[in-house]
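S.K.: For reference, this is final_28.txt, and it has compact mmCIF, C-alpha atoms and all ligand atoms.
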```txt
# COMPACT_ATOMS: atom_id res chain seq x y z
CA MET A 78 174.13 168.24 102.18
CA LEU A 79 176.63 166.67 104.61
CA VAL A 80 175.47 169.00 107.39
CA MET A 81 171.86 168.03 106.70
CA ILE A 82 172.76 164.33 106.91
CA ASN A 83 174.56 164.98 110.21
CA ILE A 84 171.45 166.69 111.56
CA ALA A 85 169.32 163.73 110.45
CA GLN A 86 171.70 161.37 112.25
CA LEU A 87 171.51 163.49 115.38
CA TRP A 88 167.75 163.23 115.21
CA ILE A 89 168.02 159.44 114.75
CA LEU A 90 170.28 159.26 117.81
CA ALA A 91 167.72 161.21 119.87
CA ALA A 92 164.97 158.85 118.67
CA THR A 93 167.13 155.85 119.62
CA VAL A 94 167.68 157.19 123.14
CA ASP A 95 163.96 157.81 123.53
CA ALA A 96 163.04 154.36 122.17
CA ALA A 97 165.57 152.72 124.51
CA LEU A 98 164.16 154.56 127.53
CA ALA A 99 160.64 153.57 126.49
CA ARG A 100 161.84 149.95 126.07
CA ASN A 101 160.50 150.07 122.54
CA TYR A 102 163.11 147.62 121.31
CA SER A 103 161.53 146.80 117.95
CA VAL A 104 162.45 150.20 116.49
CA LEU A 105 166.09 150.15 117.62
CA MET A 106 167.38 148.07 114.72
CA PRO A 107 165.68 150.20 111.98
CA LEU A 108 167.11 153.32 113.63
CA VAL A 109 170.63 151.89 113.70
CA ILE A 110 170.26 150.84 110.04
CA ALA A 111 169.02 154.34 109.11
CA SER A 112 172.03 155.89 110.82
CA GLY A 113 174.31 153.43 108.99
CA VAL A 114 172.75 154.39 105.65
CA CYS A 115 173.39 158.06 106.46
CA LEU A 116 177.02 157.22 107.21
CA ILE A 117 177.37 155.33 103.91
CA ILE A 118 175.91 158.30 101.99
CA THR A 119 178.26 160.69 103.83
CA VAL A 120 181.33 158.56 103.11
CA SER A 121 180.27 158.16 99.47
CA ILE A 122 179.91 161.92 99.02
CA ILE A 123 183.27 162.64 100.65
CA ARG A 124 185.03 159.86 98.76
CA TRP A 125 183.61 160.20 95.26
CA TRP A 126 181.93 163.55 94.77
CA ARG A 127 183.98 166.06 92.75
CA PRO A 128 182.79 169.27 91.13
CA VAL A 129 182.45 168.47 87.42
CA SER A 130 184.35 171.57 86.31
CA ARG A 131 187.39 170.92 88.48
CA ARG A 132 190.20 168.46 88.74
CA LYS A 133 192.32 167.69 91.72
CA THR A 134 195.97 168.80 91.80
CA SER A 135 198.59 168.62 94.50
CA THR A 136 197.81 172.22 95.47
CA GLY A 137 194.05 171.86 95.52
CA TYR A 138 191.36 172.46 92.91
CA ILE A 139 191.76 174.58 89.81
CA ARG A 140 189.30 175.35 87.05
CA THR A 141 190.60 173.38 84.09
CA GLN A 142 187.85 174.69 81.85
CA SER A 143 188.41 178.41 82.37
CA ARG A 144 192.20 177.97 82.37
CA SER A 145 192.31 176.35 78.94
CA ASN A 146 189.95 179.06 77.62
CA GLU A 147 192.27 181.78 78.91
CA THR A 148 195.29 180.16 77.27
CA GLU A 149 193.46 180.11 73.97
CA ASN A 150 192.47 183.80 74.30
CA HIS A 151 196.03 185.09 74.93
CA MET B 8 197.63 194.98 78.38
CA SER B 9 197.88 193.35 81.78
CA LYS B 10 197.50 189.62 81.99
CA LYS B 11 194.36 188.38 83.68
CA LEU B 12 195.13 186.55 86.92
CA SER B 13 193.65 183.10 86.84
CA ASP B 14 194.69 181.15 89.92
CA GLU B 15 196.60 181.30 93.15
CA ASP B 16 200.03 180.73 91.59
CA ASP B 17 199.55 183.72 89.26
CA VAL B 18 198.41 185.88 92.16
CA ARG B 19 201.44 184.87 94.19
CA THR B 20 203.80 185.71 91.32
CA ALA B 21 202.15 189.05 90.67
CA THR B 22 202.22 190.05 94.33
CA ALA B 23 205.73 188.74 95.08
CA PRO B 24 207.34 192.21 95.60
CA PHE B 25 204.62 193.18 98.06
CA GLN B 26 204.94 189.80 99.74
CA ALA B 27 208.62 190.50 100.34
CA GLU B 28 207.90 193.85 101.94
CA PHE B 29 204.83 192.75 103.87
CA PRO B 30 205.19 189.01 104.50
CA TYR B 31 201.74 187.56 104.70
CA GLU B 32 201.04 183.85 104.62
CA ARG B 33 197.94 183.31 102.53
CA ALA B 34 197.87 179.63 103.51
CA GLU B 35 197.32 180.57 107.13
CA GLU B 36 194.31 182.66 106.19
CA ALA B 37 192.26 179.60 105.31
CA GLN B 38 192.45 177.75 108.60
CA VAL B 39 189.95 175.10 107.56
CA THR B 40 189.76 173.98 103.96
CA ARG B 41 186.59 172.68 102.40
CA ARG B 42 188.05 169.17 102.33
CA GLU B 43 188.95 169.34 106.02
CA PHE B 44 185.45 170.51 106.85
CA CYS B 45 183.97 167.62 104.83
CA ASN B 46 186.24 165.15 106.61
CA PHE B 47 185.14 166.59 109.94
CA LEU B 48 181.50 166.07 108.96
CA GLY B 49 182.36 162.50 107.93
CA LEU B 50 183.92 161.84 111.33
CA THR B 51 180.87 163.36 113.04
CA SER B 52 178.65 161.08 110.99
CA ALA B 53 180.70 158.03 112.02
CA ALA B 54 180.60 159.10 115.68
CA LEU B 55 176.82 159.53 115.56
CA PHE B 56 176.44 156.09 113.98
CA VAL B 57 178.64 154.49 116.66
CA ALA B 58 176.70 156.30 119.40
CA THR B 59 173.36 155.14 117.97
CA GLY B 60 174.55 151.54 117.66
CA GLY B 61 176.18 151.58 121.08
CA PHE B 62 173.10 152.98 122.74
CA ALA B 63 170.87 150.37 121.09
CA VAL B 64 173.16 147.50 122.10
CA LYS B 65 173.43 148.79 125.68
CA ALA B 66 169.64 149.11 125.94
CA VAL B 67 169.14 145.52 124.80
CA ILE B 68 171.81 144.22 127.22
CA ASP B 69 170.30 146.20 130.11
CA ALA B 70 166.85 144.83 129.28
CA ARG B 71 168.13 141.25 129.52
CA GLU B 72 169.77 141.91 132.88
CA THR B 73 166.80 143.54 134.60
CA GLU B 74 164.02 141.29 133.37
CA SER B 75 163.33 139.39 136.59
CA PHE B 76 162.08 141.16 139.71
CA SER B 77 161.48 139.63 143.10
CA ALA B 78 158.22 140.42 144.89
CA ALA B 79 158.38 142.84 147.80
CA GLN B 80 155.79 143.80 150.37
CA ILE B 81 154.80 147.46 150.43
CA THR B 82 154.85 148.32 154.11
CA GLY B 83 151.91 150.37 155.35
CA ALA B 84 149.92 150.04 152.12
CA GLU B 85 147.02 148.16 153.71
CA ALA B 86 146.36 151.09 156.08
CA LEU B 87 146.20 153.57 153.20
CA ALA B 88 143.00 155.66 153.09
CA PRO B 89 141.14 155.87 149.77
CA ASN B 90 142.25 158.70 147.45
CA THR B 91 145.73 158.87 148.99
CA SER B 92 149.18 157.73 147.98
CA LEU B 93 152.29 156.20 149.50
CA ASN B 94 155.89 156.39 148.34
CA PHE B 95 158.02 153.26 148.37
CA ASN B 96 161.10 151.91 146.64
CA TYR B 97 160.91 149.17 144.04
CA PRO B 98 162.56 147.10 142.52
CA THR B 99 165.72 148.43 144.20
CA GLU B 100 166.26 150.92 147.02
CA ARG B 101 167.28 153.50 144.42
CA ASP B 102 164.04 153.27 142.41
CA SER B 103 161.36 155.41 143.98
CA ALA B 104 157.78 154.44 143.23
CA ILE B 105 154.32 155.62 144.17
CA LEU B 106 151.34 153.53 145.25
CA ILE B 107 147.88 155.05 144.92
CA LYS B 108 144.68 153.80 146.51
CA THR B 109 141.88 155.23 144.41
CA ALA B 110 138.58 156.48 145.78
CA ASN B 111 136.96 153.14 144.91
CA GLY B 112 139.64 151.16 146.75
CA GLU B 113 141.81 149.97 143.82
CA TYR B 114 145.59 149.92 144.12
CA HIS B 115 147.81 151.23 141.31
CA ALA B 116 151.57 151.68 141.47
CA TYR B 117 154.01 153.41 139.13
CA GLY B 118 157.66 154.30 138.93
CA GLN B 119 157.87 157.84 140.27
CA LYS B 120 160.16 159.20 137.57
CA CYS B 121 158.37 161.45 135.11
CA THR B 122 159.05 160.27 131.56
CA HIS B 123 159.84 163.82 130.47
CA LEU B 124 162.89 164.85 132.50
CA ALA B 125 162.68 162.48 135.46
CA CYS B 126 161.12 164.76 138.08
CA PRO B 127 159.21 162.80 140.74
CA VAL B 128 155.47 162.70 140.11
CA TYR B 129 152.96 163.04 142.95
CA TYR B 130 149.32 162.13 143.42
CA SER B 131 146.92 165.06 143.23
CA GLN B 132 143.92 164.26 145.45
CA ASP B 133 141.92 167.18 144.02
CA HIS B 134 142.30 166.11 140.39
CA GLN B 135 142.69 162.38 141.09
CA ARG B 136 145.62 162.05 138.76
CA LEU B 137 149.41 161.92 138.92
CA GLU B 138 151.02 165.27 138.30
CA CYS B 139 154.55 166.39 137.59
CA PRO B 140 155.52 169.68 139.25
CA CYS B 141 158.33 170.49 136.81
CA HIS B 142 156.54 171.16 133.53
CA GLU B 143 152.92 170.46 134.41
CA GLY B 144 152.65 166.99 132.92
CA ALA B 145 149.83 164.75 134.14
CA PHE B 146 149.22 161.00 134.05
CA ASP B 147 146.10 158.90 134.35
CA VAL B 148 145.92 157.18 137.71
CA ALA B 149 144.37 153.95 136.36
CA THR B 150 146.69 153.39 133.38
CA GLY B 151 149.71 155.65 133.84
CA ASN B 152 149.09 157.12 130.38
CA VAL B 153 149.92 160.73 129.64
CA LEU B 154 146.90 163.01 130.01
CA TYR B 155 148.65 166.19 128.91
CA GLY B 156 151.94 168.01 129.07
CA PRO B 157 155.40 167.29 127.69
CA PRO B 158 155.99 163.68 128.88
CA PRO B 159 156.45 161.54 125.76
CA ARG B 160 155.20 158.24 127.19
CA ALA B 161 153.36 156.60 130.06
CA LEU B 162 154.83 155.94 133.49
CA ASP B 163 156.43 152.58 134.22
CA THR B 164 153.81 150.34 135.79
CA ILE B 165 154.51 148.41 138.97
CA GLU B 166 152.36 145.31 139.25
CA VAL B 167 150.65 144.97 142.62
CA GLU B 168 148.99 141.98 144.23
CA ILE B 169 147.03 141.53 147.44
CA ARG B 170 148.38 138.54 149.39
CA ASP B 171 146.73 137.75 152.73
CA GLY B 172 145.55 141.31 153.08
CA GLN B 173 149.02 142.73 152.40
CA VAL B 174 149.95 144.69 149.28
CA TRP B 175 152.92 143.33 147.34
CA ALA B 176 154.82 144.72 144.38
CA THR B 177 155.50 141.81 142.05
CA GLY B 178 157.08 143.33 138.94
CA ARG B 179 157.85 146.43 136.98
CA LYS B 180 156.62 146.86 133.45
CA PRO B 181 157.79 149.67 131.22
CA THR B 182 154.86 151.20 129.37
CA GLY B 183 155.57 152.52 125.91
CA GLY B 184 152.18 154.18 125.58
CA GLU B 185 151.55 157.42 123.74
CA HIS B 186 149.53 160.49 124.72
CA ALA B 187 146.00 159.55 125.68
CA SER B 188 143.67 161.33 123.33
S1 LIG C 201 159.81 166.50 134.09
FE1 LIG C 201 157.76 166.00 134.29
S2 LIG C 201 156.80 167.28 132.87
FE2 LIG C 201 158.88 167.75 132.66
```
What's the structure tokens form of this structure?
M.R.:
Amino acid sequence: MLVMINIAQLWILAATVDAALARNYSVLMPLVIASGVCLIITVSIIRWWRPVSRRKTSTGYIRTQSRSNETENH
Amino acid sequence: MSKKLSDEDDVRTATAPFQAEFPYERAEEAQVTRREFCNFLGLTSAALFVATGGFAVKAVIDARETESFSAAQITGAEALAPNTSLNFNYPTERDSAILIKTANGEYHAYGQKCTHLACPVYYSQDHQRLECPCHEGAFDVATGNVLYGPPPRALDTIEVEIRDGQVWATGRKPTGGEHAS
């Protein structure tokens, strides 16, 4: 998902360069806004997205669900 | 019955004797963690946003600076035979341009840089159009619009005026036209 957003932003950058060379100034602002929206989505994913089955620990991610199941089994 | 290994700590404990004999740092194996990779993509995203914004701002600033052009006489243009062209520089010495006198005696001038990858275009007398030798793009001689080929937009137009029988370039207008269909 993040890679796809990066590719979209790269495409937006190419469109901005082309619009600037063509002196098509009216589309510059929408392109900058679109790139900004992509950045906001990227930051949101990095900041808030967590796999639902995992919790963060100091050593990384561990599967809380499967761990508790194993403890019950033994 | 052997205990099922569930996470990295268990694996480390179970393999401790082997680790002692064959020291092997598992941490070094994963050079880039998922989180690091995500952060890298975040930084890339920020860099692309800054580049897009910077480019847009620079384009607008440049446009303000180069809006006014002074008129300049195109030397030798009045002696041009119909269906021929003449190269000149406008608006600055570094900007090459091409003046065409069509078969019916009209003057048209364009910036010589092809809008694809900036090769210099030339006037083809046989086809009566501007052609780019690099990737076979072609432009209409009367409008500067793209006839075919990879160029994404029309050539920059240079406005020409006849003053006392002399041909003058009076301004340069970027043309954001699309492919002529
Ligand atoms: S540079 Fe002119 S067609 Fe490619």
S.K.: If you measure from atom CA of Ile169 of chain B to atom CA of Ser75 of chain B, what distance in Å do you get, rounded to one decimal?
M.R.: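 Interatomic distance, atom CA of Ile169 of chain B to atom CA of Ser75 of chain B: 19.7 Å.
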S.K.: Can you tell me which residues sit at most 6 Å away from ligand LIG 201 (chain C), counting only C-alpha atoms and all ligand atoms, written as a VMD selection string?
M.R.: chain B and resid 121 123 to 126 139 141 to 144 157 to 158
S.K.: Considering only C-alpha atoms, return as a ChimeraX atom specification whatever protein or nucleic-acid residues lie within 8 Å of segment 83-85 of chain A, sequence-local ones (same chain, fewer than 5 positions apart) excluded.
M.R.: /A:115 /B:48,51-52,55
S.K.: Got a sec to pull out which chain B residues are within 10 Å of chain A, counting only C-alpha atoms, and send them as number ranges by chain?
M.R.: B: 10-16, 40, 42, 44-46, 48-67, 69-70, 122, 159-163, 180-184
S.K.: Tell me, in Å to one decimal, how far atom CA of Gln173 of chain B is from atom CA of Glu100 of chain B.
M.R.: 19.8 Å
S.K.: Counting all atoms listed in the file, note down every residue that has an atom within 8 Å of the point (160.2, 145.9, 141.2) (file coordinates), as a list in words.
M.R.: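 All residues meeting the 8 Å criterion around (160.2, 145.9, 141.2) are Phe76, Ser77, Ala78, Ala79, Tyr97, Pro98, Thr99, Ile165, Ala176, Thr177, Gly178 and Arg179 of chain B.
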S.K.: Could you save the residues just selected, with C-alpha atoms, as a PDB file, keeping the file's coordinate frame?
M.R.:
```
ATOM      1  CA  PHE B  76     162.080 141.160 139.710  1.00  0.00           C
ATOM      2  CA  SER B  77     161.480 139.630 143.100  1.00  0.00           C
ATOM      3  CA  ALA B  78     158.220 140.420 144.890  1.00  0.00           C
ATOM      4  CA  ALA B  79     158.380 142.840 147.800  1.00  0.00           C
ATOM      5  CA  TYR B  97     160.910 149.170 144.040  1.00  0.00           C
ATOM      6  CA  PRO B  98     162.560 147.100 142.520  1.00  0.00           C
ATOM      7  CA  THR B  99     165.720 148.430 144.200  1.00  0.00           C
ATOM      8  CA  ILE B 165     154.510 148.410 138.970  1.00  0.00           C
ATOM      9  CA  ALA B 176     154.820 144.720 144.380  1.00  0.00           C
ATOM     10  CA  THR B 177     155.500 141.810 142.050  1.00  0.00           C
ATOM     11  CA  GLY B 178     157.080 143.330 138.940  1.00  0.00           C
ATOM     12  CA  ARG B 179     157.850 146.430 136.980  1.00  0.00           C
TER      13      ARG B 179
END
```
S.K.: If I take atom CA of Glu85 of chain B and atom CA of Leu154 of chain B, how far is one from the other in Å, to one decimal?
M.R.: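 Computing it gives 28.0 Å between the two atoms.
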S.K.: Which neighbours of segment 116-118 of chain B fall inside 7 Å, counting only C-alpha atoms, when residues of the same chain fewer than 6 positions from it are skipped, and could you give them as a list of chain:residue names?
M.R.: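 Result of the neighbour search: B:Ser103, B:Ala104, B:Ile105, B:Leu106, B:Ile107, B:Leu162, B:Asp163, B:Thr164, B:Ile165, B:Glu166, B:Val167.
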S.K.: Can you pull out the residues contacting Ala110 of chain B? Cut-off 10 Å, using all atoms listed in the file, and skip same-chain residues under 3 positions away; I want them as JSON, numbers by chain.
M.R.: {"B": [88, 89, 90, 91, 107, 113, 114, 132, 135]}
S.K.: Convert the current residue selection to file output with C-alpha atoms, as a short mmCIF file (atom, residue, chain, number, x, y, z; two decimals), keeping the file's coordinate frame.
M.R.:
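Resulting contents of selection.cif:
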```
data_model
loop_
_atom_site.label_atom_id
_atom_site.label_comp_id
_atom_site.auth_asym_id
_atom_site.auth_seq_id
_atom_site.Cartn_x
_atom_site.Cartn_y
_atom_site.Cartn_z
CA ALA B 88 143.00 155.66 153.09
CA PRO B 89 141.14 155.87 149.77
CA ASN B 90 142.25 158.70 147.45
CA THR B 91 145.73 158.87 148.99
CA ILE B 107 147.88 155.05 144.92
CA GLU B 113 141.81 149.97 143.82
CA TYR B 114 145.59 149.92 144.12
CA GLN B 132 143.92 164.26 145.45
CA GLN B 135 142.69 162.38 141.09
#
```
